[in-house]
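A quick write-up on the structure given underneath.
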Amino acid sequence: MKEALLYERLDSALRCTLCERRCIIGEGKRGFCGMRINQEGRLYTASYASISAVEPRPIEIKPFYHFYPASEAITFSTWGCNLACRWCQNWHLSQRRGEGRRITPAEMLQLALEARVQGTCASFNEPTLLFEYCLELFPLARERGLYNTFVSNGYMSEAALRRLADAGLDAINIDMKGSDKVYRRYCSGARAMVVWRNISLARKLGMHVEVVNLLVTGVNDSEEDVRYVVENHLRYAGEDVPLHFTRYHPAYRFSAPPTPVERLEAACEFAKREGVLYPYLGNVPGHRYENTYCHACGKLLIRRHSYRVLDYKLSRDKRCLHCGAEIPLVGEYCG
């Protein structure tokens, strides 16, 4: 194990400051995530270099639709999570305390170089639990010309997000669950405004940001829920930040039926009417809302199918070939 970087000493315990749960952890105990341990008055991370999964994956699968289109990233994870969503698709990683394959940051970089990918991505479980690991990996990757990305629930502390930015985190995809009501009932009492704060802060720190809203049947898929997400997305993220409405499927401890496609379409159309320039629909391969359209003239610019880029119609300076409007994309097309 490795000593954690973000914690405070109290009289008879430690307070972890990695995420906004700020767990108070007694001697020999673990925090909510299961991966921060108090041993003899010091806080340790049990997840450092303990890798539960690693493989090259398309950047579109994260999803990032406006970041290095058609590129690939070495994608890796550890164990545990600071939320406990009942529908988690990766519960076998996020809700377990396993012991994975030991891969040092230098070895992870070598795997990326051997795979000839364009970047790194901490994903699958909550990547904040690989905080110390990523602080070492990201500068190494950046030195070799690779980008660094996170797929996160966005519940890290402000201090953690700032240090990740300083280390070279280039882009973050944040899963916004919904209103406080949703977080209190289904996400172990977390707070929605923490996530909106971090979405806003990530933009201020210069990261590329995309937001996902998994529409879970009967949980956060009402018109009121969608309106809440869209209004706050415009307030804290901005009109040009992609907003992905993603289809839920039954998993882990949740058995409600999959999200009706019509509900996802209605969410995308509402977001567009309200001023979101790039609303997308996920987990429905081949749907027209997988594609990128020019916000000015409506022409099809990037055609996708199931995380593959099939057609790319932008100029080298990322402008619409039909009307010349500038499209907010980061990085070159890698197809």
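Order determines the names: the first chain of the structure tokens is A, the second B, and so forth; residues in each chain are numbered 1 upward, and ligands are numbered 1 upward as they are shown.
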
Compile a residue-level contact table for segment 174-269 of chain A against segment 323-330 of chain A at a cut-off of 12 Å, reporting for every qualifying residue the shortest atom pair and its distance in Å to one decimal, with only C-alpha atoms counted, rows ordered by chain and ascending number, as a Markdown table.
| residue | atom | partner | partner_atom | distance |
| --- | --- | --- | --- | --- |
| A:Gly206 | CA | A:Val330 | CA | 11.5 |
| A:Met207 | CA | A:Val330 | CA | 10.0 |
| A:His208 | CA | A:Val330 | CA | 7.4 |
| A:Val209 | CA | A:Val330 | CA | 10.3 |
| A:Glu210 | CA | A:Leu329 | CA | 11.2 |
| A:Gly238 | CA | A:Pro328 | CA | 11.9 |
| A:Glu239 | CA | A:Pro328 | CA | 10.7 |
| A:Asp240 | CA | A:Pro328 | CA | 7.0 |
| A:Val241 | CA | A:Pro328 | CA | 8.3 |
| A:Pro242 | CA | A:Pro328 | CA | 9.5 |

I need the chosen residues saved as a short mmCIF file (atom, residue, chain, number, x, y, z; two decimals), in the first residue's frame, with C-alpha atoms.
data_model
loop_
_atom_site.label_atom_id
_atom_site.label_comp_id
_atom_site.auth_asym_id
_atom_site.auth_seq_id
_atom_site.Cartn_x
_atom_site.Cartn_y
_atom_site.Cartn_z
CA GLY A 206 -8.77 24.15 -18.84
CA MET A 207 -9.96 20.57 -19.17
CA HIS A 208 -12.18 19.35 -21.97
CA VAL A 209 -15.48 18.34 -20.35
CA GLU A 210 -18.37 16.15 -21.49
CA GLY A 238 -22.15 25.74 -20.89
CA GLU A 239 -24.02 25.44 -24.17
CA ASP A 240 -21.03 24.08 -26.11
CA VAL A 241 -20.27 21.19 -23.71
CA PRO A 242 -21.64 17.88 -25.09
#

Give me the residues within 7 Å of segment 277-291 of chain A as a CSV table (one decimal) with N, CA and C atoms, in the first residue's frame, counting only C-alpha atoms and dropping any in the same chain fewer than 5 places off.
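New file around17.csv:
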chain,number,residue,atom,x,y,z
A,239,GLU,N,-23.3,25.9,-23.0
A,239,GLU,CA,-24.0,25.4,-24.2
A,239,GLU,C,-23.2,24.6,-25.1
A,240,ASP,N,-21.9,24.8,-25.1
A,240,ASP,CA,-21.0,24.1,-26.1
A,240,ASP,C,-20.5,22.8,-25.6
A,241,VAL,N,-20.7,22.4,-24.3
A,241,VAL,CA,-20.3,21.2,-23.7
A,241,VAL,C,-21.2,20.1,-24.1
A,242,PRO,N,-20.8,19.0,-24.7
A,242,PRO,CA,-21.6,17.9,-25.1
A,242,PRO,C,-22.4,17.3,-23.9
A,243,LEU,N,-23.7,17.0,-24.1
A,243,LEU,CA,-24.5,16.4,-23.0
A,243,LEU,C,-25.1,15.1,-23.6
A,244,HIS,N,-24.7,14.0,-23.0
A,244,HIS,CA,-25.1,12.7,-23.5
A,244,HIS,C,-26.2,12.1,-22.6
A,245,PHE,N,-27.3,11.8,-23.2
A,245,PHE,CA,-28.4,11.1,-22.5
A,245,PHE,C,-28.3,9.7,-22.9
A,246,THR,N,-28.0,8.8,-21.9
A,246,THR,CA,-27.6,7.4,-22.2
A,246,THR,C,-28.7,6.5,-21.7
A,247,ARG,N,-28.9,5.4,-22.5
A,247,ARG,CA,-29.9,4.4,-22.2
A,247,ARG,C,-29.4,3.5,-21.1
A,264,LEU,N,-35.5,9.1,-24.4
A,264,LEU,CA,-34.1,9.6,-24.7
A,264,LEU,C,-34.2,10.6,-25.8
A,268,CYS,N,-33.1,14.7,-25.7
A,268,CYS,CA,-32.2,15.3,-26.6
A,268,CYS,C,-32.9,16.5,-27.3
A,271,ALA,N,-33.3,19.4,-24.8
A,271,ALA,CA,-32.0,20.0,-24.5
A,271,ALA,C,-31.6,21.0,-25.7
A,272,LYS,N,-31.9,20.5,-26.9
A,272,LYS,CA,-31.5,21.3,-28.1
A,272,LYS,C,-32.4,22.6,-28.1
A,302,ILE,N,-20.0,14.5,-38.2
A,302,ILE,CA,-19.4,13.3,-37.8
A,302,ILE,C,-20.4,12.2,-37.7
A,303,ARG,N,-20.3,11.1,-38.5
A,303,ARG,CA,-21.3,10.0,-38.4
A,303,ARG,C,-20.6,8.9,-37.6
A,304,ARG,N,-21.4,8.3,-36.7
A,304,ARG,CA,-20.9,7.3,-35.8
A,304,ARG,C,-21.9,6.1,-35.8
A,305,HIS,N,-21.3,4.9,-35.4
A,305,HIS,CA,-22.1,3.8,-35.2
A,305,HIS,C,-21.4,2.9,-34.1
A,306,SER,N,-22.1,2.8,-33.0
A,306,SER,CA,-21.6,1.9,-31.9
A,306,SER,C,-20.1,2.2,-31.6

### All residues 12 Å or closer to segment 15-23 of chain A, only C-alpha atoms, same chain fewer than 4 positions away omitted, as a PyMOL selection string
chain A and resi 3-11+27+29-38+41-45+81-83+126-132+152-164+187-195+197-198

Just the strand (DSSP E or B) stuff from segment 102-266 of chain A, please, per backbone DSSP, written as a count of residues only.
32

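Neighbours of Leu215 of chain A closer than or equal to 9 Å, with only C-alpha atoms counted and sequence neighbours fewer than 4 positions away skipped, come out as A:Lys177, A:Gly178, A:Val219, A:Asn220, A:Asp221, A:Ser222, A:Val226, A:Phe245, A:Thr246, A:Arg247, A:Tyr248, A:Thr259, A:Arg263, A:Leu264.
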
Give me, as a ChimeraX atom specification, the residues of segment 16-106 of chain A that a backbone DSSP run labels alpha helix (DSSP H). /A:91-94,105-106
